[in-house]
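Working notes, beginning with the structure itself.
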Amino acid sequence: MVSKEVMIKNPTGLHLRPAGILCKEAVKYQALITFNFKGGTANAKSVLSVLGACIKSGDTIEFVCEGDDEEQALQAVVAAVESGLGE
């Protein structure tokens with residue numbers, strides 16, 4: 001299991017379009033990819049789960065990846081968030 005905290009830079013947070021981009025990146029990997037936010041855990045491969053977390057700009061989330069390709073999965077989702085998720 002590997003994990004890393006990352007701050008959301010998108011000015012409007014994780015609304016539908018960036019949530020979709022995050023999920024599209026996460027489903028490329030076999031590892032279980034979740035993130036922790038305000039005491040809750042969400043599935044990074046589910047758009048509804050990501051949207052339900054109500055993540056705003058400036059919030060910090062912790063990605064947790066567990067599985068065969070966990071290192072690559074963590075690097076990919078962190079890079080996607082740090083790049084702004086298309087915004």
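A note on labels: chains of the structure tokens are A, B, ... as shown, every chain counts residues from 1, and ligands are counted from 1 in their shown order.
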Which residues, written as an MDAnalysis selection string, have at least one atom at most 12 Å from range 38-43 of chain A, with only C-alpha atoms counted and residues fewer than 6 positions away on the same chain left out?
-> chainID A and resid 19 22:23 26:27 31:32 49:56 59:65
With N, CA and C atoms retained, could you export that selection as a PDB file, in the first residue's frame?
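Below is the file out_35.pdb, written as the result:
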```
ATOM      1  N   ALA A  19     -13.590  15.474 -12.341  1.00  0.00           N
ATOM      2  CA  ALA A  19     -13.843  14.191 -11.674  1.00  0.00           C
ATOM      3  C   ALA A  19     -13.808  13.068 -12.708  1.00  0.00           C
ATOM      4  N   LEU A  22     -10.183  12.392 -13.660  1.00  0.00           N
ATOM      5  CA  LEU A  22      -9.527  11.635 -12.598  1.00  0.00           C
ATOM      6  C   LEU A  22      -9.922  10.155 -12.657  1.00  0.00           C
ATOM      7  N   CYS A  23     -11.198   9.889 -12.803  1.00  0.00           N
ATOM      8  CA  CYS A  23     -11.686   8.509 -12.869  1.00  0.00           C
ATOM      9  C   CYS A  23     -11.157   7.788 -14.095  1.00  0.00           C
ATOM     10  N   ALA A  26      -7.725   6.747 -13.278  1.00  0.00           N
ATOM     11  CA  ALA A  26      -7.682   5.712 -12.233  1.00  0.00           C
ATOM     12  C   ALA A  26      -8.059   4.327 -12.760  1.00  0.00           C
ATOM     13  N   VAL A  27      -9.027   4.257 -13.674  1.00  0.00           N
ATOM     14  CA  VAL A  27      -9.481   2.940 -14.161  1.00  0.00           C
ATOM     15  C   VAL A  27      -8.448   2.251 -15.055  1.00  0.00           C
ATOM     16  N   ALA A  31      -4.896  -1.663  -9.469  1.00  0.00           N
ATOM     17  CA  ALA A  31      -4.848  -1.377  -8.034  1.00  0.00           C
ATOM     18  C   ALA A  31      -6.143  -0.721  -7.557  1.00  0.00           C
ATOM     19  N   LEU A  32      -6.483  -0.983  -6.307  1.00  0.00           N
ATOM     20  CA  LEU A  32      -7.593  -0.282  -5.667  1.00  0.00           C
ATOM     21  C   LEU A  32      -7.105   1.131  -5.384  1.00  0.00           C
ATOM     22  N   SER A  49     -18.714   8.763  -6.644  1.00  0.00           N
ATOM     23  CA  SER A  49     -17.998   8.779  -5.368  1.00  0.00           C
ATOM     24  C   SER A  49     -17.129  10.038  -5.258  1.00  0.00           C
ATOM     25  N   VAL A  50     -16.451  10.392  -6.345  1.00  0.00           N
ATOM     26  CA  VAL A  50     -15.602  11.597  -6.361  1.00  0.00           C
ATOM     27  C   VAL A  50     -16.459  12.847  -6.190  1.00  0.00           C
ATOM     28  N   LEU A  51     -17.561  12.932  -6.935  1.00  0.00           N
ATOM     29  CA  LEU A  51     -18.450  14.092  -6.825  1.00  0.00           C
ATOM     30  C   LEU A  51     -19.063  14.191  -5.437  1.00  0.00           C
ATOM     31  N   GLY A  52     -19.404  13.046  -4.845  1.00  0.00           N
ATOM     32  CA  GLY A  52     -20.030  13.018  -3.528  1.00  0.00           C
ATOM     33  C   GLY A  52     -19.129  13.506  -2.407  1.00  0.00           C
ATOM     34  N   ALA A  53     -17.822  13.522  -2.650  1.00  0.00           N
ATOM     35  CA  ALA A  53     -16.887  13.996  -1.630  1.00  0.00           C
ATOM     36  C   ALA A  53     -16.903  15.521  -1.504  1.00  0.00           C
ATOM     37  N   CYS A  54     -17.470  16.213  -2.494  1.00  0.00           N
ATOM     38  CA  CYS A  54     -17.596  17.685  -2.476  1.00  0.00           C
ATOM     39  C   CYS A  54     -16.256  18.375  -2.208  1.00  0.00           C
ATOM     40  N   ILE A  55     -15.289  18.089  -3.043  1.00  0.00           N
ATOM     41  CA  ILE A  55     -13.946  18.631  -2.870  1.00  0.00           C
ATOM     42  C   ILE A  55     -13.837  19.984  -3.565  1.00  0.00           C
ATOM     43  N   LYS A  56     -13.390  20.967  -2.810  1.00  0.00           N
ATOM     44  CA  LYS A  56     -13.262  22.340  -3.298  1.00  0.00           C
ATOM     45  C   LYS A  56     -11.799  22.677  -3.586  1.00  0.00           C
ATOM     46  N   ASP A  59      -8.541  22.239  -1.102  1.00  0.00           N
ATOM     47  CA  ASP A  59      -8.669  21.082  -0.208  1.00  0.00           C
ATOM     48  C   ASP A  59      -7.512  20.107  -0.455  1.00  0.00           C
ATOM     49  N   THR A  60      -7.134  19.390   0.586  1.00  0.00           N
ATOM     50  CA  THR A  60      -6.087  18.379   0.479  1.00  0.00           C
ATOM     51  C   THR A  60      -6.709  17.002   0.645  1.00  0.00           C
ATOM     52  N   ILE A  61      -6.388  16.109  -0.287  1.00  0.00           N
ATOM     53  CA  ILE A  61      -6.871  14.727  -0.198  1.00  0.00           C
ATOM     54  C   ILE A  61      -5.664  13.803  -0.142  1.00  0.00           C
ATOM     55  N   GLU A  62      -5.864  12.609   0.394  1.00  0.00           N
ATOM     56  CA  GLU A  62      -4.791  11.621   0.449  1.00  0.00           C
ATOM     57  C   GLU A  62      -5.185  10.414  -0.392  1.00  0.00           C
ATOM     58  N   PHE A  63      -4.448  10.206  -1.483  1.00  0.00           N
ATOM     59  CA  PHE A  63      -4.676   9.030  -2.315  1.00  0.00           C
ATOM     60  C   PHE A  63      -4.043   7.817  -1.654  1.00  0.00           C
ATOM     61  N   VAL A  64      -4.743   6.698  -1.702  1.00  0.00           N
ATOM     62  CA  VAL A  64      -4.232   5.426  -1.191  1.00  0.00           C
ATOM     63  C   VAL A  64      -4.404   4.391  -2.294  1.00  0.00           C
ATOM     64  N   CYS A  65      -3.305   3.749  -2.691  1.00  0.00           N
ATOM     65  CA  CYS A  65      -3.342   2.745  -3.747  1.00  0.00           C
ATOM     66  C   CYS A  65      -2.829   1.416  -3.192  1.00  0.00           C
TER      67      CYS A  65
END
```
Hey, what's within 10 Å of Ser57 in chain A if we count only C-alpha atoms and toss same-chain stuff fewer than 3 positions away? As a PyMOL selection string, please?
-> chain A and resi 7-14+60
Selection file, N, CA and C atoms, as a PDB file, in the first residue's frame:
```
ATOM      1  N   MET A   7      -2.867  18.592  -2.974  1.00  0.00           N
ATOM      2  CA  MET A   7      -3.833  19.685  -2.862  1.00  0.00           C
ATOM      3  C   MET A   7      -4.523  19.891  -4.205  1.00  0.00           C
ATOM      4  N   ILE A   8      -5.823  20.122  -4.154  1.00  0.00           N
ATOM      5  CA  ILE A   8      -6.611  20.370  -5.360  1.00  0.00           C
ATOM      6  C   ILE A   8      -6.387  21.816  -5.801  1.00  0.00           C
ATOM      7  N   LYS A   9      -5.901  21.982  -7.031  1.00  0.00           N
ATOM      8  CA  LYS A   9      -5.574  23.316  -7.554  1.00  0.00           C
ATOM      9  C   LYS A   9      -6.678  23.898  -8.429  1.00  0.00           C
ATOM     10  N   ASN A  10      -7.593  23.049  -8.896  1.00  0.00           N
ATOM     11  CA  ASN A  10      -8.659  23.526  -9.785  1.00  0.00           C
ATOM     12  C   ASN A  10      -9.449  24.640  -9.105  1.00  0.00           C
ATOM     13  N   PRO A  11      -9.681  25.752  -9.781  1.00  0.00           N
ATOM     14  CA  PRO A  11     -10.401  26.872  -9.169  1.00  0.00           C
ATOM     15  C   PRO A  11     -11.825  26.521  -8.739  1.00  0.00           C
ATOM     16  N   THR A  12     -12.437  25.552  -9.403  1.00  0.00           N
ATOM     17  CA  THR A  12     -13.816  25.178  -9.055  1.00  0.00           C
ATOM     18  C   THR A  12     -13.892  23.821  -8.361  1.00  0.00           C
ATOM     19  N   GLY A  13     -12.749  23.274  -7.932  1.00  0.00           N
ATOM     20  CA  GLY A  13     -12.751  21.993  -7.244  1.00  0.00           C
ATOM     21  C   GLY A  13     -12.993  20.834  -8.206  1.00  0.00           C
ATOM     22  N   LEU A  14     -13.418  19.701  -7.650  1.00  0.00           N
ATOM     23  CA  LEU A  14     -13.646  18.512  -8.479  1.00  0.00           C
ATOM     24  C   LEU A  14     -15.112  18.409  -8.882  1.00  0.00           C
ATOM     25  N   THR A  60      -7.134  19.390   0.586  1.00  0.00           N
ATOM     26  CA  THR A  60      -6.087  18.379   0.479  1.00  0.00           C
ATOM     27  C   THR A  60      -6.709  17.002   0.645  1.00  0.00           C
TER      28      THR A  60
END
```
Determine the nearest neighbour of Pro18 in chain A from the options A:Lys4, A:Ala73, A:Ala44, A:Gly67, counting only C-alpha atoms.
-> A:Ala44
Those of range 9-87 of chain A in DSSP alpha helix (DSSP H), formatted as a PyMOL selection string = chain A and resi 16-26+47-52+70-82
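Take CA of Glu71 in chain A and CA of Val47 in chain A: the distance between them is 21.9 Å.
A straight line drawn from CA of Met1 in chain A to CA of Glu87 in chain A is 29.5 Å long.
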Determine, counting only C-alpha atoms, which protein, DNA and RNA residues have an atom within 10 Å of an atom of Ala80 in chain A; residues of the same chain fewer than 3 positions away are not included. Present the result as a ChimeraX atom specification.
-> /A:18,21-22,25-26,74-77,83-86
Selected residues written out with N, CA and C atoms, as a short mmCIF file (atom, residue, chain, number, x, y, z; two decimals), in the first residue's frame:
```cif
data_model
loop_
_atom_site.label_atom_id
_atom_site.label_comp_id
_atom_site.auth_asym_id
_atom_site.auth_seq_id
_atom_site.Cartn_x
_atom_site.Cartn_y
_atom_site.Cartn_z
N PRO A 18 -13.51 17.54 -14.25
CA PRO A 18 -12.26 17.04 -13.66
C PRO A 18 -12.43 15.72 -12.92
N ILE A 21 -12.13 13.09 -15.54
CA ILE A 21 -10.74 12.92 -15.97
C ILE A 21 -9.96 12.11 -14.94
N LEU A 22 -10.18 12.39 -13.66
CA LEU A 22 -9.53 11.63 -12.60
C LEU A 22 -9.92 10.16 -12.66
N GLU A 25 -8.38 8.26 -15.56
CA GLU A 25 -6.97 7.91 -15.28
C GLU A 25 -6.90 6.74 -14.31
N ALA A 26 -7.72 6.75 -13.28
CA ALA A 26 -7.68 5.71 -12.23
C ALA A 26 -8.06 4.33 -12.76
N LEU A 74 -0.47 5.41 -8.23
CA LEU A 74 -0.34 6.59 -7.37
C LEU A 74 0.31 7.74 -8.13
N GLN A 75 1.39 7.44 -8.84
CA GLN A 75 2.07 8.48 -9.62
C GLN A 75 1.14 9.10 -10.65
N ALA A 76 0.33 8.27 -11.30
CA ALA A 76 -0.56 8.75 -12.36
C ALA A 76 -1.67 9.66 -11.82
N VAL A 77 -2.33 9.25 -10.73
CA VAL A 77 -3.43 10.07 -10.21
C VAL A 77 -2.92 11.35 -9.57
N SER A 83 -1.59 18.43 -12.43
CA SER A 83 -1.65 19.10 -13.73
C SER A 83 -2.92 19.91 -13.91
N GLY A 84 -3.85 19.81 -12.96
CA GLY A 84 -5.08 20.60 -13.02
C GLY A 84 -6.27 19.86 -13.59
N LEU A 85 -6.13 18.60 -13.93
CA LEU A 85 -7.24 17.80 -14.45
C LEU A 85 -7.96 18.47 -15.61
N GLY A 86 -7.17 18.97 -16.55
CA GLY A 86 -7.74 19.54 -17.76
C GLY A 86 -8.22 20.97 -17.65
#
```
Can you list, as an MDAnalysis selection string, all residues belonging to chain A that DSSP tags as strand (DSSP E or B)?
-> chainID A and resid 2:7 32:37 40:43 60:66
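Atom pair CA of Thr34 in chain A / CA of Val6 in chain A has a distance of 12.9 Å (rounded to one decimal).
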